[in-house]
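Enquirer: I'd like to ask you about the structure that follows.
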Protein chains: 2
Amino acid sequence: MIKNKGELLRSEETDLEARRLILEAIEFTLSSISPHRLIKEHVKRDGDKIQIDNLSIDLKNVNKILVIGGGKASALMAEALYSILGDKINYGVVVIPEYQNQKFYTGSIDLLKASHPIPTIKSIHASLKILEIVDKLSENDLVFCLISGGGSALMTLPMEGITLEDKQIITKRLIQSGATINELNIVRKHISNIKGGRLAQKIYPARVIGLIISDVVGNPIDIIASGPTAPDSSTYKDAIEILKRYNLWDNAPESIRKTLEKGVNGLIPETPKANDKIFERVHNFIIGSNELACESAFSYLSSKGLDTMILTTLLEGEAKEVGKVIASIAKYMKIEREGIRGFSIILGGETTVTVKGSGKGGRNQELVVSACKFIDNVRGLAVASLGTDGIDGFSDAAGGIVDSYTLSRAKRMGLNVESYLQNNDSNTFLKMLGDTIITGPTGTNVNDIIIAVCTT
Amino acid sequence: MIKNKGELLRSEETDLEARRLILEAIEFTLSSISPHRLIKEHVKRDGDKIQIDNLSIDLKNVNKILVIGGGKASALMAEALYSILGDKINYGVVVIPEYQNQKFYTGSIDLLKASHPIPTIKSIHASLKILEIVDKLSENDLVFCLISGGGSALMTLPMEGITLEDKQIITKRLIQSGATINELNIVRKHISNIKGGRLAQKIYPARVIGLIISDVVGNPIDIIASGPTAPDSSTYKDAIEILKRYNLWDNAPESIRKTLEKGVNGLIPETPKANDKIFERVHNFIIGSNELACESAFSYLSSKGLDTMILTTLLEGEAKEVGKVIASIAKYMKIEREGIRGFSIILGGETTVTVKGSGKGGRNQELVVSACKFIDNVRGLAVASLGTDGIDGFSDAAGGIVDSYTLSRAKRMGLNVESYLQNNDSNTFLKMLGDTIITGPTGTNVNDIIIAVCTT
């Protein structure tokens with residue numbers, strides 16, 4: 001699955017054994033979070049009976065089966081679900097990113113392409129198509145909703161009168177004003193016909209099975225893909241207050257102000273709340289997450305005899321600084337255990353990069369380039385960081401790997417690590433060293449995983 | 001030892017039990033790293049026999065006993081040593097920071113004051129005084145050298161012809177050019193008459209007992225107080241190369257260029273190397289360190305039934321980002337252990353703050369203010385960060401403490417945590433909340449310690 005694994009396992013000037021263990025753990029992890037694997041683990045079928053975790057459904061009592069959804073992992077999710085239930089699925093519409101060009105075998109489930117990460121009119125068309133097919137279902141119908149990261153942009157449907165441009169204006173201003181992601185989502189959910197449980201509202205009274213691969217730290221189902229099948233706890237009033245708090249209300253697009261005011265006055269319905277009867281018909285399952293990825297890496301590395309520990313699956317912070325902290329932890333463990341046995345530490349989450357330079361890189365690559373300075377000469381130690389979607393920032397790499405020889409190799413090659421870091425040029429730096437990890441798009445996304453391994 | 005402990009243990013809107021455990025652990029730790037305690041633990045006397053760890057000395061074979069040294073902890077070290085060996089100490093000179101105004105009982109050991117952190121002529125006078133008393137000693141003489149953080153500025157003695165100003169110019173330019181602390185030290189050691197083992201060279205053939213309290217991550221004895229009693233592995237040639245590397249050689253002060261050139265040409269002696277015979281007479285002991293502080297906190301918290309782990313004693317990174325990572329680790333552990341039993345994590349080291357605002361704060365306070373955003377509502381969890389010297393940046397606090405209520409309390413008080421962070425105004429923020437930790441100067445310094453405790 002790692003395309004350049006052979007090259008990464010050079011025997012000269014590397015901590016070869018640590019590298020090998022890390023790369024094997026990554027491959028094991030990626031396979032364990034593939035949408036095919038996840039769907040097959042969670043959706044079991046025996047003739048007319050299907051079992052999704054603790055939920056049993058007898059298909060004899062089901063009228064139509066529909067499949068909808070969207071996100072970066074949703075094409076493969078649809079393919080897997082089709083391979084299990086193909087003969088029973090009536091039809092479906094799943095929205096996927098334009099760049100996913102391979103052939104997917106989804107039979108009666110239509111895959112519609114839309115743009116990502118900036119939504120265009122294609123996202124609106126796809127969303128309308130979804131709403132069209134879930135219209136007027138009965139309570140004997142069953143709708144699988146395949147949700148994954150990116151779904152928010154791919155399934156976009158502003159309320160009547162609000163243009164995509166209006167929505168983008170308010171999103172941009174909120175971000176610039178320092179609004180939290182939570183505040184941003186409260187506003188967005190109240191101007192959308194699909195987010196914040198609106199999709200579930202439209203599907204009612206049919207039964208909804210939400211199968212969710214989470215790309216959000218902590219797996220909040222109301223945030224992943226903006227929660228189309230999840231209850232929303234916020235109100236129109238909250239949305240207006242947030243815009244006022246950041247002094248954005250007075251100059252907000254007219255259409256947005258009108259919509260929110262109508263909402264407050266009860267002229268358009270509120271997002272569905274947790275106690276709404278529609279959620280009696282909704283079953284959401286997180287089938288893939290960063291936790292699962294970290295646990296897979298944990299199983300693999302433990303099985304190789306390493307003392308292994310997951311430090312967190314909620315990692316946040318500036319990539320360069322996070323790299324220092326991880327290096328300082330790994331280095332300390334190495335000193336503490338000198339000569340005993342190998343160990344590894346695993347972290348999951350999503351770091352950020354404050355771009356100041358004009359280089360080419362990504363958060364995972366920047367993290368390890370920063371770490372290499374701090375693990376210099378700590379023999380036996382290697383650190384890798386990887387975006388599980390296979391795409392790290394604006395580069396063709398999924399991430400990178402460094403070890404205790406990296407800094408001195410770079411110096412000998414005349415590469416000044418500090419300049420590459422300052423220029424956010426981690427991809428170029430790692431490429432020169434031959435230490436980017438290339439997987440290509442994996443068709444799944446459960447955030448990032450960082451693995452440090454130290455062999456004795 | 002924590003002056004405002006009572007106030008910090010408010011019962012309203014706090015994770016009281018976690019706070020209590022952290023503050024008690026801090027007090028236990030500070031007492032375990034007090035210079036008095038450390039000297040008494042490492043220097044044992046039985047009549048005419050003294051034992052310093054594995055080294056035994058029979059005072060009957062000793063002619064004179066001298067005590068020299070300098071640093072922020074050195075006054076208390078001298079006081080403790082005097083209380084053990086007062087009747088045997090002939091005389092001594094120890095340099096301490098001007099701001100240490102309390103009365104120290106050091107008998108025949110003179111305490112000279114000099115400025116810190118910027119050396120002035122006082123540091124030179126004090127250093128000359130030290131060299132004067134160690135001149136012409138015999139091999140039956142014994143010199144205790146009490147070394148602690150700050151010693152480098154307090155004991156300053158540029159070589160002949162080099163002014164303090166010359167030295168400051170080159171130091172400043174190297175820092176601005178991005179030289180590493182190691183490179184900076186190589187240059188400084190080669191223009192000094194006291195750093196880089198020069199002091200040990202002057203004391204030879206008398207025996208040297210270096211008692212060292214480390215304020216440098218990893219405890220490298222050649223870096224702490226610029227290693228007056230430690231071998232130096234660098235050369236005059238290295239120093240010149242470093243200045244050339246950063247294009248500082250051509251415009252370096254004439255006096256510095258001449259000195260380094262003389263050194264390369266063998267006209268002035270090289271710093272002493274590890275195989276130099278003088279080091280047969282030198283015994284350096286790290287008696288206090290960040291490891292020890294972390295281990296004390298570990299003992300205390302373990303004894304209270306918490307699952308406790310030292311994550312690192314080598315922590316580095318931008319305080320604000322480090323705070324996020326620590327919060328993400330603590331939060332994950334809380335989720336993983338829900339309802340089982342309390343835990344704590346301990347980290348040691350020294351973070352940095354890139355000052356962009358005009359506020360009042362320090363690295364420890366900034367770290368916890370950043371962390372409070374990420375532990376919001378994670379009930380039972382508190383995080384504190386503390387400079388063991390009792391002084392965090394430009395404030396009267398040693399550090400600060402936050403818990404799962406802090407963010408909402410701040411919001412209710414109308415404090416926007418983001419603005420305080422952006423303005424590097426962590427001290428003001430924490431003061432408004434009543435959450436700075438005040439100890440006053442502790443007279444010791446083994447860097448910073450961060451403790452997170454979560455009770456069930």
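Residues are named by chain letter and number: chains run A, B, ... in the order of the structure tokens, numbers start at 1 in each chain, and ligands are numbered from 1 in the order shown.
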Would you mind listing what lies within 12 Å of Ile326 in chain B as a PyMOL selection string, with only C-alpha atoms counted and same-chain residues fewer than 5 positions away left out?
Expert: (chain A and resi 311-312+314-317+321-322+325-326+329+347) or (chain B and resi 311-312+315+317+319-321+331-333+344-348+367-368+370-375+381-385+450-453)
Enquirer: Take the residues from that selection and put them in a file with C-alpha atoms, as a short mmCIF file (atom, residue, chain, number, x, y, z; two decimals), in the first residue's frame.
Expert:
```
data_model
loop_
_atom_site.label_atom_id
_atom_site.label_comp_id
_atom_site.auth_asym_id
_atom_site.auth_seq_id
_atom_site.Cartn_x
_atom_site.Cartn_y
_atom_site.Cartn_z
CA LEU A 311 -0.77 8.80 23.91
CA THR A 312 -3.79 10.46 22.40
CA LEU A 314 -7.18 14.01 20.08
CA LEU A 315 -3.92 15.62 19.02
CA GLU A 316 -4.00 19.28 18.04
CA GLY A 317 -1.38 22.00 17.71
CA GLU A 321 5.86 22.36 17.76
CA VAL A 322 3.99 19.08 18.10
CA VAL A 325 7.01 17.50 21.97
CA ILE A 326 6.71 14.03 20.45
CA ILE A 329 8.76 12.17 24.80
CA LEU A 347 -0.69 9.58 18.52
CA LEU B 311 6.16 11.59 29.85
CA THR B 312 9.43 13.43 29.42
CA LEU B 315 10.29 18.99 26.90
CA GLY B 317 8.52 23.75 22.08
CA ALA B 319 4.46 27.05 25.20
CA LYS B 320 1.06 27.67 23.61
CA GLU B 321 1.35 24.62 21.34
CA LYS B 331 -8.14 14.43 27.67
CA TYR B 332 -7.60 11.15 25.86
CA MET B 333 -6.51 9.42 29.05
CA SER B 344 -1.61 12.07 36.42
CA ILE B 345 1.00 12.92 33.87
CA ILE B 346 4.21 14.80 34.52
CA LEU B 347 6.47 16.57 32.06
CA GLY B 348 9.68 18.48 32.64
CA LEU B 367 1.15 27.02 28.52
CA VAL B 368 -1.73 26.57 30.96
CA SER B 370 -3.57 27.67 26.16
CA ALA B 371 -4.39 24.30 27.73
CA CYS B 372 -7.55 25.60 29.43
CA LYS B 373 -9.29 25.89 26.06
CA PHE B 374 -8.67 22.24 25.34
CA ILE B 375 -9.71 20.78 28.70
CA LEU B 381 -8.94 17.48 35.11
CA ALA B 382 -6.53 20.23 36.11
CA VAL B 383 -3.16 21.25 34.65
CA ALA B 384 -0.40 23.33 36.22
CA SER B 385 2.94 24.52 34.92
CA ILE B 450 4.08 20.48 34.25
CA ILE B 451 1.56 18.31 36.08
CA ALA B 452 -1.86 17.22 34.90
CA VAL B 453 -4.09 15.40 37.36
#
```
Enquirer: Mind checking DSSP for range 135-308 of chain A and telling me the alpha helix (DSSP H) residues as JSON, numbers by chain?
Expert: {"A": [151, 152, 153, 154, 164, 165, 166, 167, 168, 169, 170, 171, 172, 173, 174, 175, 176, 181, 182, 183, 184, 185, 186, 187, 188, 189, 198, 199, 200, 201, 202, 203, 236, 237, 238, 239, 240, 241, 242, 243, 244, 245, 254, 255, 256, 257, 258, 259, 260, 261, 262, 263, 264, 290, 291, 292, 293, 294, 295, 296, 297, 298, 299, 300, 301, 302, 303]}
Enquirer: Would you give me, as a list of chain:residue names, the residues in range 225-318 of chain B that DSSP reads as strand (DSSP E)?
Expert: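 Here is the list: B:Val282, B:His283, B:Asn284, B:Phe285, B:Ile286, B:Ile287, B:Gly288, B:Asp307, B:Thr308, B:Met309, B:Ile310, B:Leu311, B:Thr312, B:Thr313, B:Leu314, B:Leu315.
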Enquirer: Produce a file of the selected residues containing N, CA and C atoms, as a JSON list (two decimals), in the first residue's frame.
Expert:
```json
[["chain", "number", "residue", "atom", "x", "y", "z"],
["B", 282, "VAL", "N", 39.18, 16.23, 39.05],
["B", 282, "VAL", "CA", 37.86, 16.88, 39.09],
["B", 282, "VAL", "C", 36.75, 15.84, 39.24],
["B", 283, "HIS", "N", 35.86, 16.06, 40.16],
["B", 283, "HIS", "CA", 34.70, 15.17, 40.33],
["B", 283, "HIS", "C", 33.45, 16.02, 40.24],
["B", 284, "ASN", "N", 32.71, 15.86, 39.18],
["B", 284, "ASN", "CA", 31.48, 16.64, 39.03],
["B", 284, "ASN", "C", 30.27, 15.79, 39.41],
["B", 285, "PHE", "N", 29.38, 16.35, 40.20],
["B", 285, "PHE", "CA", 28.16, 15.64, 40.60],
["B", 285, "PHE", "C", 26.94, 16.48, 40.27],
["B", 286, "ILE", "N", 26.04, 15.91, 39.49],
["B", 286, "ILE", "CA", 24.76, 16.58, 39.27],
["B", 286, "ILE", "C", 23.90, 16.24, 40.49],
["B", 287, "ILE", "N", 23.70, 17.18, 41.38],
["B", 287, "ILE", "CA", 22.94, 16.86, 42.59],
["B", 287, "ILE", "C", 21.47, 17.25, 42.47],
["B", 288, "GLY", "N", 21.17, 18.09, 41.50],
["B", 288, "GLY", "CA", 19.77, 18.47, 41.31],
["B", 288, "GLY", "C", 19.47, 18.62, 39.83],
["B", 307, "ASP", "N", -2.66, 6.69, 38.88],
["B", 307, "ASP", "CA", -1.81, 6.09, 37.86],
["B", 307, "ASP", "C", -0.95, 7.21, 37.31],
["B", 308, "THR", "N", 0.33, 7.16, 37.54],
["B", 308, "THR", "CA", 1.17, 8.31, 37.23],
["B", 308, "THR", "C", 2.25, 7.95, 36.23],
["B", 309, "MET", "N", 2.56, 8.89, 35.37],
["B", 309, "MET", "CA", 3.54, 8.63, 34.33],
["B", 309, "MET", "C", 4.35, 9.90, 34.07],
["B", 310, "ILE", "N", 5.67, 9.75, 34.02],
["B", 310, "ILE", "CA", 6.50, 10.87, 33.55],
["B", 310, "ILE", "C", 6.60, 10.72, 32.04],
["B", 311, "LEU", "N", 6.12, 11.70, 31.31],
["B", 311, "LEU", "CA", 6.16, 11.59, 29.85],
["B", 311, "LEU", "C", 7.51, 11.99, 29.29],
["B", 312, "THR", "N", 8.11, 13.01, 29.87],
["B", 312, "THR", "CA", 9.43, 13.43, 29.42],
["B", 312, "THR", "C", 10.02, 14.39, 30.43],
["B", 313, "THR", "N", 11.35, 14.49, 30.42],
["B", 313, "THR", "CA", 12.02, 15.54, 31.18],
["B", 313, "THR", "C", 12.81, 16.41, 30.21],
["B", 314, "LEU", "N", 12.50, 16.25, 28.93],
["B", 314, "LEU", "CA", 13.27, 16.93, 27.88],
["B", 314, "LEU", "C", 12.38, 17.81, 27.03],
["B", 315, "LEU", "N", 11.31, 18.26, 27.64],
["B", 315, "LEU", "CA", 10.29, 18.99, 26.90],
["B", 315, "LEU", "C", 10.82, 20.30, 26.30]]
```
Enquirer: How many Å separate CA of Leu248 in chain A from CA of Ser177 in chain A?
Expert: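 One can read the CA of Leu248 in chain A to CA of Ser177 in chain A distance as 8.8 Å.
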Enquirer: Tell me, as an NGL selection string, which residues lie within 7 Å of Leu157 in chain A, counting only C-alpha atoms; anything in the same chain fewer than 2 positions away does not count.
Expert: :A and (124 or 127 or 155 or 159 or 192-194)
Enquirer: Those same residues, written as a PDB file, in the first residue's frame with C-alpha atoms?
Expert:
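Contents of out-v7.pdb, freshly written:
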```pdb
ATOM      1  CA  ILE A 124     -26.224  21.740  -4.982  1.00  0.00           C
ATOM      2  CA  SER A 127     -27.906  17.413  -2.956  1.00  0.00           C
ATOM      3  CA  MET A 155     -23.574  17.912  -0.015  1.00  0.00           C
ATOM      4  CA  MET A 159     -31.951  27.524   1.972  1.00  0.00           C
ATOM      5  CA  SER A 192     -28.839  24.819   5.091  1.00  0.00           C
ATOM      6  CA  ASN A 193     -31.482  22.395   3.904  1.00  0.00           C
ATOM      7  CA  ILE A 194     -29.304  19.334   4.460  1.00  0.00           C
TER       8      ILE A 194
END
```
Enquirer: Nearest to Gly196 in chain B: which of B:Val217, B:Ile170, B:Ala274, B:Ala252 is it, counting only C-alpha atoms?
Expert: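 Nearest candidate to Gly196 in chain B out of B:Val217, B:Ile170, B:Ala274, B:Ala252: B:Ala274.
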Enquirer: Quick one: everything within 6 Å of Lys195 in chain B, counting only C-alpha atoms, minus sequence neighbours fewer than 3 positions away in the same chain. Send it as a list in words.
Expert: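 In the requested format, the answer is Lys189, Ser192, Arg198, Ser226, Gly227 and Pro228 of chain B.
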Enquirer: B:Lys202, B:Arg19, B:His116, B:Lys244: which is nearest Ile130 in chain B, counting only C-alpha atoms?
Expert: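 The answer is B:Lys202, which sits nearest to Ile130 in chain B.
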Enquirer: Restricting the calculation to only C-alpha atoms, which member of A:Thr180, A:Asn185, A:Thr229, A:Thr156 is positioned closest to chain B?
Expert: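 Closest residue, counting only C-alpha atoms: A:Thr180.
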Enquirer: B:Ala297, B:Ile335, B:Val369, B:Ile340: which is nearest chain A, counting only C-alpha atoms?
Expert: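 Ranked by minimum distance to chain A, first place goes to B:Ile335.
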Enquirer: Please, what distance in Å, to one decimal, runs between CA of Ile169 in chain B and CA of Ile240 in chain B?
Expert: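 Between CA of Ile169 in chain B and CA of Ile240 in chain B the gap is 15.5 Å.
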Enquirer: Rounded to one decimal in Å, what is the spacing between CA of Ile57 in chain B and CA of Ser34 in chain B?
Expert: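 Atom-to-atom, CA of Ile57 in chain B and CA of Ser34 in chain B are spaced 24.7 Å apart.
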Enquirer: Residues within 6 Å of range 72-89 of chain B, please, as a ChimeraX atom specification. Count only C-alpha atoms; anything in the same chain fewer than 4 positions from it doesn't count.
Expert: /B:35-36,65-66,105-106,146,148-150,443-444
Enquirer: Fewer than 4 positions away in the same chain doesn't count, so skip those; otherwise give me all residues within 8 Å of range 258-269 of chain B, counting only C-alpha atoms, as a list of chain:residue names.
Expert: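 Returned residues: B:Met159, B:His190, B:Ile191, B:Tyr236, B:Lys237, B:Ala239, B:Ile240, B:Glu254.
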Enquirer: Restricted to all heavy atoms, what would the selected residues look like written as a tab-separated table (two decimals), in the first residue's frame?
Expert:
```tsv
chain	number	residue	atom	x	y	z
B	159	MET	N	38.65	37.05	27.92
B	159	MET	CA	40.11	37.03	27.87
B	159	MET	C	40.67	38.44	27.69
B	159	MET	O	39.95	39.36	27.30
B	159	MET	CB	40.57	36.16	26.71
B	159	MET	CG	40.38	34.69	27.00
B	159	MET	SD	40.95	33.74	25.56
B	159	MET	CE	40.69	32.08	26.16
B	190	HIS	N	35.63	30.03	23.99
B	190	HIS	CA	36.97	30.30	23.49
B	190	HIS	C	37.39	31.76	23.61
B	190	HIS	O	38.44	32.15	23.10
B	190	HIS	CB	37.12	29.75	22.06
B	190	HIS	CG	37.27	28.26	22.07
B	190	HIS	ND1	36.19	27.41	22.03
B	190	HIS	CD2	38.37	27.48	22.22
B	190	HIS	CE1	36.62	26.16	22.11
B	190	HIS	NE2	37.94	26.17	22.23
B	191	ILE	N	36.57	32.56	24.25
B	191	ILE	CA	37.00	33.93	24.54
B	191	ILE	C	36.87	34.20	26.05
B	191	ILE	O	36.84	35.34	26.48
B	191	ILE	CB	36.18	34.98	23.74
B	191	ILE	CG1	34.68	34.81	23.98
B	191	ILE	CG2	36.48	34.86	22.24
B	191	ILE	CD1	33.81	35.89	23.33
B	236	TYR	N	39.37	26.32	19.04
B	236	TYR	CA	39.40	27.68	18.48
B	236	TYR	C	38.98	27.66	17.02
B	236	TYR	O	38.26	28.53	16.53
B	236	TYR	CB	40.81	28.28	18.57
B	236	TYR	CG	41.19	28.71	19.97
B	236	TYR	CD1	42.06	27.96	20.74
B	236	TYR	CD2	40.67	29.90	20.51
B	236	TYR	CE1	42.42	28.37	22.02
B	236	TYR	CE2	41.01	30.31	21.78
B	236	TYR	CZ	41.89	29.54	22.54
B	236	TYR	OH	42.22	29.95	23.81
B	237	LYS	N	39.44	26.61	16.32
B	237	LYS	CA	39.12	26.48	14.90
B	237	LYS	C	37.59	26.39	14.72
B	237	LYS	O	37.03	27.04	13.84
B	237	LYS	CB	39.80	25.21	14.35
B	237	LYS	CG	39.92	25.17	12.86
B	237	LYS	CD	40.97	24.14	12.43
B	237	LYS	CE	40.71	23.67	11.01
B	237	LYS	NZ	39.92	22.44	10.93
B	239	ALA	N	35.36	27.59	16.64
B	239	ALA	CA	34.76	28.89	16.95
B	239	ALA	C	34.84	29.81	15.73
B	239	ALA	O	33.86	30.48	15.38
B	239	ALA	CB	35.47	29.52	18.15
B	240	ILE	N	36.00	29.83	15.09
B	240	ILE	CA	36.15	30.68	13.89
B	240	ILE	C	35.21	30.21	12.78
B	240	ILE	O	34.54	31.00	12.12
B	240	ILE	CB	37.63	30.67	13.40
B	240	ILE	CG1	38.50	31.37	14.44
B	240	ILE	CG2	37.75	31.33	12.03
B	240	ILE	CD1	39.99	31.37	14.12
B	254	GLU	N	37.51	43.27	16.58
B	254	GLU	CA	38.93	43.00	16.36
B	254	GLU	C	39.53	42.13	17.48
B	254	GLU	O	40.26	41.17	17.22
B	254	GLU	CB	39.64	44.37	16.29
B	254	GLU	CG	41.11	44.34	15.96
B	254	GLU	CD	41.41	43.85	14.55
B	254	GLU	OE1	40.47	43.81	13.72
B	254	GLU	OE2	42.57	43.46	14.29
```
Enquirer: Env of Ile68 in chain B: 8 Å cut, atoms = only C-alpha atoms, seq-sep filter 6 positions within chain, self excluded. Answer as JSON, numbers by chain.
Expert: {"B": [92, 93, 94, 130, 143, 144, 145, 146]}
Enquirer: Between A:Gly47, A:Pro441, A:Gly361, A:Glu318, which one has atoms that come closest to Gln102 in chain A, using only C-alpha atoms?
Expert: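 Of all the options, A:Pro441 lies closest to Gln102 in chain A.
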Enquirer: Kindly indicate which residue among B:Lys360, B:Arg412, B:Lys334, B:Lys44 lies nearest to chain A, using only C-alpha atoms for the distances.
Expert: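 Answer, going by the shortest atom-to-atom distance: B:Lys334.
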